[in-house]
>>> print(open('protein-v2.txt').read())   # compact mmCIF, C-alpha atoms
# COMPACT_ATOMS: atom_id res chain seq x y z
CA MET F 247 -17.59 -6.59 -14.78
CA SER F 248 -14.17 -8.23 -15.14
CA THR F 249 -11.59 -8.60 -12.40
CA THR F 250 -9.42 -6.05 -14.22
CA ASP F 251 -12.26 -3.48 -14.18
CA THR F 252 -12.87 -4.09 -10.49
CA LEU F 253 -9.18 -3.80 -9.72
CA ASP F 254 -8.91 -0.57 -11.76
CA ARG F 255 -11.88 1.03 -9.99
CA THR F 256 -10.70 -0.09 -6.58
CA CYS F 257 -7.16 1.20 -7.06
CA ALA F 258 -8.45 4.50 -8.48
CA ALA F 259 -10.72 4.93 -5.46
CA LEU F 260 -7.88 4.10 -3.06
CA ALA F 261 -5.56 6.61 -4.75
CA ASP F 262 -7.14 9.51 -2.85
CA PRO F 263 -6.13 10.05 0.82
CA THR F 264 -9.58 11.38 1.76
CA ARG F 265 -11.24 8.23 0.46
CA ARG F 266 -8.72 6.05 2.30
CA ALA F 267 -9.51 7.98 5.50
CA ILE F 268 -13.24 7.46 4.91
CA LEU F 269 -12.67 3.72 4.51
CA ALA F 270 -10.59 3.68 7.69
CA ARG F 271 -13.45 5.36 9.55
CA LEU F 272 -15.99 2.92 8.07
CA SER F 273 -13.89 -0.03 9.21
CA ALA F 274 -15.09 0.86 12.71
CA GLY F 275 -18.75 0.70 11.63
CA GLN F 276 -21.49 2.52 9.73
CA ALA F 277 -21.50 6.30 9.55
CA SER F 278 -23.54 9.10 8.03
CA VAL F 279 -22.15 11.67 5.59
CA THR F 280 -22.13 14.22 8.40
CA GLU F 281 -20.11 11.90 10.64
CA LEU F 282 -17.70 11.12 7.81
CA ALA F 283 -17.27 14.81 6.96
CA ALA F 284 -16.44 15.87 10.55
CA PRO F 285 -12.63 15.44 10.39
CA PHE F 286 -12.31 17.10 6.98
CA ALA F 287 -12.34 20.75 5.96
CA MET F 288 -14.77 20.12 3.11
CA SER F 289 -18.46 20.42 2.39
CA LEU F 290 -21.00 17.61 2.75
CA PRO F 291 -21.48 17.50 -1.05
CA ALA F 292 -17.71 17.01 -1.49
CA VAL F 293 -17.76 14.08 0.96
CA SER F 294 -20.80 12.69 -0.88
CA LYS F 295 -18.81 12.77 -4.13
CA HIS F 296 -16.03 10.78 -2.48
CA LEU F 297 -18.63 8.29 -1.23
CA LYS F 298 -20.02 7.91 -4.76
CA VAL F 299 -16.56 7.02 -6.07
CA LEU F 300 -16.22 4.46 -3.28
CA GLU F 301 -19.68 3.09 -4.07
CA ARG F 302 -18.88 2.71 -7.79
CA ALA F 303 -15.75 0.80 -6.79
CA GLY F 304 -17.88 -1.48 -4.61
CA LEU F 305 -16.04 -0.41 -1.45
CA VAL F 306 -19.04 1.23 0.21
CA ALA F 307 -22.73 0.39 0.38
CA ARG F 308 -25.34 2.92 1.39
CA GLY F 309 -28.37 1.91 3.39
CA ARG F 310 -31.57 3.74 4.15
CA ARG F 311 -33.21 4.14 7.53
CA ALA F 312 -35.85 6.84 7.37
CA GLN F 313 -33.86 9.94 6.40
CA TRP F 314 -30.55 8.52 7.55
CA ARG F 315 -28.43 6.92 4.79
CA PRO F 316 -25.54 5.21 6.57
CA ALA F 317 -22.47 4.20 4.62
CA GLN F 318 -20.94 0.81 5.30
CA LEU F 319 -17.58 -0.68 4.28
CA GLN F 320 -17.65 -3.50 1.71
CA ALA F 321 -14.30 -5.31 1.88
CA GLU F 322 -14.62 -7.71 -1.08
CA PRO F 323 -12.84 -5.45 -3.60
CA LEU F 324 -9.99 -5.04 -1.10
CA HIS F 325 -9.52 -8.81 -1.14
CA GLU F 326 -9.06 -8.69 -4.92
CA VAL F 327 -6.39 -6.00 -4.53
CA ALA F 328 -4.68 -8.04 -1.80
CA ASP F 329 -4.69 -11.13 -4.03
CA TRP F 330 -3.23 -9.16 -6.93
CA LEU F 331 -0.54 -7.67 -4.69
CA ALA F 332 0.31 -11.09 -3.24
CA ASP F 333 1.90 -12.12 -6.54
CA TYR F 334 4.16 -9.06 -6.45
CA ARG F 335 4.91 -9.59 -2.79
CA ARG F 336 6.33 -13.02 -3.63
CA VAL F 337 8.55 -11.46 -6.30
CA TRP F 338 9.88 -8.82 -3.90
CA GLU F 339 10.41 -11.35 -1.11
CA GLU F 340 12.43 -13.54 -3.49
CA ARG F 341 14.53 -10.54 -4.48
CA LEU F 342 15.08 -9.55 -0.86
CA ASP F 343 16.09 -13.14 -0.05
CA ARG F 344 18.67 -12.97 -2.85
CA ILE F 345 19.99 -9.66 -1.47
CA ASP F 346 20.24 -11.20 2.01
CA GLU F 347 22.15 -14.15 0.56
CA TYR F 348 24.52 -11.82 -1.30
CA LEU F 349 25.13 -9.72 1.82
CA ARG F 350 25.91 -12.85 3.84
CA GLU F 351 28.41 -13.90 1.16
CA ILE F 352 30.26 -10.60 1.10
CA GLN F 353 30.25 -10.27 4.90
CA GLY F 354 31.99 -13.64 5.12
CA ALA F 355 34.82 -12.40 2.86
CA GLU F 356 38.16 -10.99 4.06
CA PRO F 357 37.70 -7.52 5.61
CA ASP F 358 39.82 -5.75 2.96
CA GLU F 359 38.24 -7.61 0.04
CA GLY F 360 35.00 -5.64 0.23
CA ALA F 361 36.70 -2.27 0.86
CA PRO F 362 37.28 0.20 -1.97
CA LYS F 363 40.75 -0.04 -3.58
CA ALA F 364 41.82 3.40 -2.32
CA THR F 365 41.14 2.32 1.25
CA ARG F 366 43.18 -0.88 0.83
CA LYS F 367 46.17 1.07 -0.50
CA THR F 368 45.98 3.51 2.41
CA LYS F 369 45.94 0.64 4.90
CA LYS F 370 48.95 -1.04 3.21
CA LYS F 371 50.92 2.21 3.28
CA GLY F 372 50.16 2.63 6.96
CA ARG F 373 51.49 -0.87 7.70
CA GLU F 374 54.67 -0.30 5.69
CA GLN F 375 55.68 2.82 7.58
>>> encode(input="protein-v2.txt", output="structure tokens")
Amino acid sequence: MSTTDTLDRTCAALADPTRRAILARLSAGQASVTELAAPFAMSLPAVSKHLKVLERAGLVARGRRAQWRPAQLQAEPLHEVADWLADYRRVWEERLDRIDEYLREIQGAEPDEGAPKATRKTKKKGREQ
């Protein structure tokens, strides 16, 4: 499976708020389907379907201990998403730095220079009277 496929599956799995909540719960440790379903108003089969999506994305692994099948968080695909987002983070940080620089430039200008023209005229009229 390519990195693009992994990224696509991971992002698709993370697109659902229920699945994100399940991952948040699993970040605290293993849990059964019953434990994962407790905070949701949905059936155990519905939670199992969410778990299957997470499993296909590689975000969850299911174990087997007798009749108990605990789910466990697998963070590797999240690292791939973080790496992919890091490139975009750099772009946005550069843009924000440029905005900061621009704001510093205009704040250093004369007070009336940055004001709308109508406001400047009003102030001049007030001084003339």
>>> atom_distance(input="protein-v2.txt", atom1="CA of Glu301 in chain F", atom2="CA of Ala332 in chain F")
24.5 Å
>>> residues_around(input="protein-v2.txt", residues="Val293 in chain F", least_positions_apart="3", cutoff="9 Å", atoms="only C-alpha atoms", output="VMD selection string")
chain F and resid 264 to 265 268 279 to 280 282 to 283 286 288 to 290 296 to 298
>>> atom_distance(input="protein-v2.txt", atom1="CA of Asp251 in chain F", atom2="CA of Leu300 in chain F")
14.1 Å
>>> atom_distance(input="protein-v2.txt", atom1="CA of Ala277 in chain F", atom2="CA of Gln318 in chain F")
7.0 Å
>>> residues_near_point(input="protein-v2.txt", point="(-26.7, 2.8, -0.3)", cutoff="12 Å", atoms="only C-alpha atoms", output="PyMOL selection string")
chain F and resi 276-279+294+297-298+300-302+304-311+314-320
>>> axis_aligned_box(input="protein-v2.txt", around="range 276-292 of chain F", padding_each_side="4 Å", output="AutoDock Vina command-line options")
--center_x -17.9 --center_y 11.6 --center_z 4.6 --size_x 19.2 --size_y 26.2 --size_z 20.1
>>> decode(input="protein-v2.txt", residues="range 322-362 of chain F", atoms="N, CA and C atoms", output="PDB file, in the first residue's frame")
ATOM      1  N   GLU F 322       0.881   4.745  14.222  1.00  0.00           N
ATOM      2  CA  GLU F 322       1.743   4.948  13.046  1.00  0.00           C
ATOM      3  C   GLU F 322       1.073   5.748  11.930  1.00  0.00           C
ATOM      4  N   PRO F 323      -0.166   5.419  11.541  1.00  0.00           N
ATOM      5  CA  PRO F 323      -0.792   6.213  10.477  1.00  0.00           C
ATOM      6  C   PRO F 323      -0.971   7.683  10.861  1.00  0.00           C
ATOM      7  N   LEU F 324      -1.114   7.963  12.141  1.00  0.00           N
ATOM      8  CA  LEU F 324      -1.243   9.349  12.579  1.00  0.00           C
ATOM      9  C   LEU F 324       0.059  10.112  12.362  1.00  0.00           C
ATOM     10  N   HIS F 325       1.181   9.416  12.468  1.00  0.00           N
ATOM     11  CA  HIS F 325       2.474  10.044  12.211  1.00  0.00           C
ATOM     12  C   HIS F 325       2.573  10.456  10.738  1.00  0.00           C
ATOM     13  N   GLU F 326       2.067   9.612   9.855  1.00  0.00           N
ATOM     14  CA  GLU F 326       2.087   9.954   8.425  1.00  0.00           C
ATOM     15  C   GLU F 326       1.248  11.203   8.146  1.00  0.00           C
ATOM     16  N   VAL F 327       0.088  11.298   8.802  1.00  0.00           N
ATOM     17  CA  VAL F 327      -0.760  12.481   8.632  1.00  0.00           C
ATOM     18  C   VAL F 327      -0.032  13.707   9.186  1.00  0.00           C
ATOM     19  N   ALA F 328       0.593  13.561  10.342  1.00  0.00           N
ATOM     20  CA  ALA F 328       1.322  14.682  10.946  1.00  0.00           C
ATOM     21  C   ALA F 328       2.467  15.143  10.039  1.00  0.00           C
ATOM     22  N   ASP F 329       3.174  14.192   9.443  1.00  0.00           N
ATOM     23  CA  ASP F 329       4.264  14.549   8.527  1.00  0.00           C
ATOM     24  C   ASP F 329       3.731  15.293   7.306  1.00  0.00           C
ATOM     25  N   TRP F 330       2.624  14.813   6.765  1.00  0.00           N
ATOM     26  CA  TRP F 330       2.018  15.458   5.600  1.00  0.00           C
ATOM     27  C   TRP F 330       1.572  16.879   5.955  1.00  0.00           C
ATOM     28  N   LEU F 331       0.946  17.026   7.124  1.00  0.00           N
ATOM     29  CA  LEU F 331       0.478  18.345   7.547  1.00  0.00           C
ATOM     30  C   LEU F 331       1.625  19.292   7.873  1.00  0.00           C
ATOM     31  N   ALA F 332       2.768  18.761   8.261  1.00  0.00           N
ATOM     32  CA  ALA F 332       3.917  19.600   8.622  1.00  0.00           C
ATOM     33  C   ALA F 332       4.341  20.489   7.456  1.00  0.00           C
ATOM     34  N   ASP F 333       4.277  19.959   6.248  1.00  0.00           N
ATOM     35  CA  ASP F 333       4.620  20.771   5.076  1.00  0.00           C
ATOM     36  C   ASP F 333       3.675  21.969   4.947  1.00  0.00           C
ATOM     37  N   TYR F 334       2.400  21.748   5.162  1.00  0.00           N
ATOM     38  CA  TYR F 334       1.422  22.826   5.067  1.00  0.00           C
ATOM     39  C   TYR F 334       1.540  23.781   6.246  1.00  0.00           C
ATOM     40  N   ARG F 335       1.912  23.252   7.369  1.00  0.00           N
ATOM     41  CA  ARG F 335       2.117  24.111   8.540  1.00  0.00           C
ATOM     42  C   ARG F 335       3.220  25.136   8.255  1.00  0.00           C
ATOM     43  N   ARG F 336       4.296  24.693   7.624  1.00  0.00           N
ATOM     44  CA  ARG F 336       5.385  25.611   7.271  1.00  0.00           C
ATOM     45  C   ARG F 336       4.885  26.713   6.346  1.00  0.00           C
ATOM     46  N   VAL F 337       4.055  26.339   5.376  1.00  0.00           N
ATOM     47  CA  VAL F 337       3.504  27.331   4.440  1.00  0.00           C
ATOM     48  C   VAL F 337       2.683  28.367   5.208  1.00  0.00           C
ATOM     49  N   TRP F 338       1.792  27.894   6.078  1.00  0.00           N
ATOM     50  CA  TRP F 338       0.934  28.821   6.820  1.00  0.00           C
ATOM     51  C   TRP F 338       1.737  29.674   7.786  1.00  0.00           C
ATOM     52  N   GLU F 339       2.754  29.112   8.409  1.00  0.00           N
ATOM     53  CA  GLU F 339       3.584  29.900   9.320  1.00  0.00           C
ATOM     54  C   GLU F 339       4.322  30.994   8.561  1.00  0.00           C
ATOM     55  N   GLU F 340       4.814  30.678   7.357  1.00  0.00           N
ATOM     56  CA  GLU F 340       5.473  31.694   6.536  1.00  0.00           C
ATOM     57  C   GLU F 340       4.495  32.806   6.172  1.00  0.00           C
ATOM     58  N   ARG F 341       3.279  32.430   5.830  1.00  0.00           N
ATOM     59  CA  ARG F 341       2.276  33.435   5.485  1.00  0.00           C
ATOM     60  C   ARG F 341       1.923  34.298   6.691  1.00  0.00           C
ATOM     61  N   LEU F 342       1.782  33.670   7.838  1.00  0.00           N
ATOM     62  CA  LEU F 342       1.476  34.435   9.051  1.00  0.00           C
ATOM     63  C   LEU F 342       2.631  35.362   9.423  1.00  0.00           C
ATOM     64  N   ASP F 343       3.864  34.902   9.207  1.00  0.00           N
ATOM     65  CA  ASP F 343       5.025  35.764   9.457  1.00  0.00           C
ATOM     66  C   ASP F 343       4.986  36.993   8.552  1.00  0.00           C
ATOM     67  N   ARG F 344       4.599  36.783   7.279  1.00  0.00           N
ATOM     68  CA  ARG F 344       4.501  37.915   6.351  1.00  0.00           C
ATOM     69  C   ARG F 344       3.392  38.882   6.779  1.00  0.00           C
ATOM     70  N   ILE F 345       2.293  38.345   7.274  1.00  0.00           N
ATOM     71  CA  ILE F 345       1.203  39.202   7.765  1.00  0.00           C
ATOM     72  C   ILE F 345       1.681  39.995   8.972  1.00  0.00           C
ATOM     73  N   ASP F 346       2.388  39.343   9.894  1.00  0.00           N
ATOM     74  CA  ASP F 346       2.931  40.043  11.061  1.00  0.00           C
ATOM     75  C   ASP F 346       3.849  41.180  10.631  1.00  0.00           C
ATOM     76  N   GLU F 347       4.702  40.890   9.665  1.00  0.00           N
ATOM     77  CA  GLU F 347       5.638  41.902   9.161  1.00  0.00           C
ATOM     78  C   GLU F 347       4.873  43.086   8.558  1.00  0.00           C
ATOM     79  N   TYR F 348       3.853  42.796   7.776  1.00  0.00           N
ATOM     80  CA  TYR F 348       3.042  43.843   7.161  1.00  0.00           C
ATOM     81  C   TYR F 348       2.345  44.683   8.235  1.00  0.00           C
ATOM     82  N   LEU F 349       1.783  44.026   9.238  1.00  0.00           N
ATOM     83  CA  LEU F 349       1.097  44.758  10.304  1.00  0.00           C
ATOM     84  C   LEU F 349       2.058  45.657  11.066  1.00  0.00           C
ATOM     85  N   ARG F 350       3.276  45.176  11.308  1.00  0.00           N
ATOM     86  CA  ARG F 350       4.280  46.001  11.972  1.00  0.00           C
ATOM     87  C   ARG F 350       4.611  47.225  11.121  1.00  0.00           C
ATOM     88  N   GLU F 351       4.689  47.041   9.812  1.00  0.00           N
ATOM     89  CA  GLU F 351       4.980  48.159   8.904  1.00  0.00           C
ATOM     90  C   GLU F 351       3.882  49.214   8.955  1.00  0.00           C
ATOM     91  N   ILE F 352       2.640  48.784   8.865  1.00  0.00           N
ATOM     92  CA  ILE F 352       1.559  49.775   8.829  1.00  0.00           C
ATOM     93  C   ILE F 352       1.307  50.394  10.196  1.00  0.00           C
ATOM     94  N   GLN F 353       1.628  49.708  11.267  1.00  0.00           N
ATOM     95  CA  GLN F 353       1.469  50.282  12.608  1.00  0.00           C
ATOM     96  C   GLN F 353       2.524  51.346  12.869  1.00  0.00           C
ATOM     97  N   GLY F 354       3.657  51.252  12.191  1.00  0.00           N
ATOM     98  CA  GLY F 354       4.716  52.238  12.347  1.00  0.00           C
ATOM     99  C   GLY F 354       4.464  53.484  11.526  1.00  0.00           C
ATOM    100  N   ALA F 355       3.450  53.501  10.679  1.00  0.00           N
ATOM    101  CA  ALA F 355       3.137  54.642   9.814  1.00  0.00           C
ATOM    102  C   ALA F 355       2.434  55.725  10.611  1.00  0.00           C
ATOM    103  N   GLU F 356       2.291  56.916  10.015  1.00  0.00           N
ATOM    104  CA  GLU F 356       1.567  58.025  10.638  1.00  0.00           C
ATOM    105  C   GLU F 356       0.149  57.568  10.972  1.00  0.00           C
ATOM    106  N   PRO F 357      -0.419  58.016  12.079  1.00  0.00           N
ATOM    107  CA  PRO F 357      -1.759  57.571  12.474  1.00  0.00           C
ATOM    108  C   PRO F 357      -2.817  57.776  11.407  1.00  0.00           C
ATOM    109  N   ASP F 358      -2.801  58.915  10.698  1.00  0.00           N
ATOM    110  CA  ASP F 358      -3.829  59.182   9.694  1.00  0.00           C
ATOM    111  C   ASP F 358      -3.582  58.454   8.391  1.00  0.00           C
ATOM    112  N   GLU F 359      -2.355  57.981   8.160  1.00  0.00           N
ATOM    113  CA  GLU F 359      -2.051  57.318   6.894  1.00  0.00           C
ATOM    114  C   GLU F 359      -2.852  56.036   6.706  1.00  0.00           C
ATOM    115  N   GLY F 360      -3.058  55.287   7.771  1.00  0.00           N
ATOM    116  CA  GLY F 360      -3.770  54.025   7.668  1.00  0.00           C
ATOM    117  C   GLY F 360      -5.274  54.174   7.760  1.00  0.00           C
ATOM    118  N   ALA F 361      -5.769  55.377   8.121  1.00  0.00           N
ATOM    119  CA  ALA F 361      -7.206  55.584   8.294  1.00  0.00           C
ATOM    120  C   ALA F 361      -7.879  55.758   6.939  1.00  0.00           C
ATOM    121  N   PRO F 362      -9.146  55.389   6.842  1.00  0.00           N
ATOM    122  CA  PRO F 362      -9.882  55.604   5.593  1.00  0.00           C
ATOM    123  C   PRO F 362      -9.928  57.088   5.250  1.00  0.00           C
TER     124      PRO F 362
END
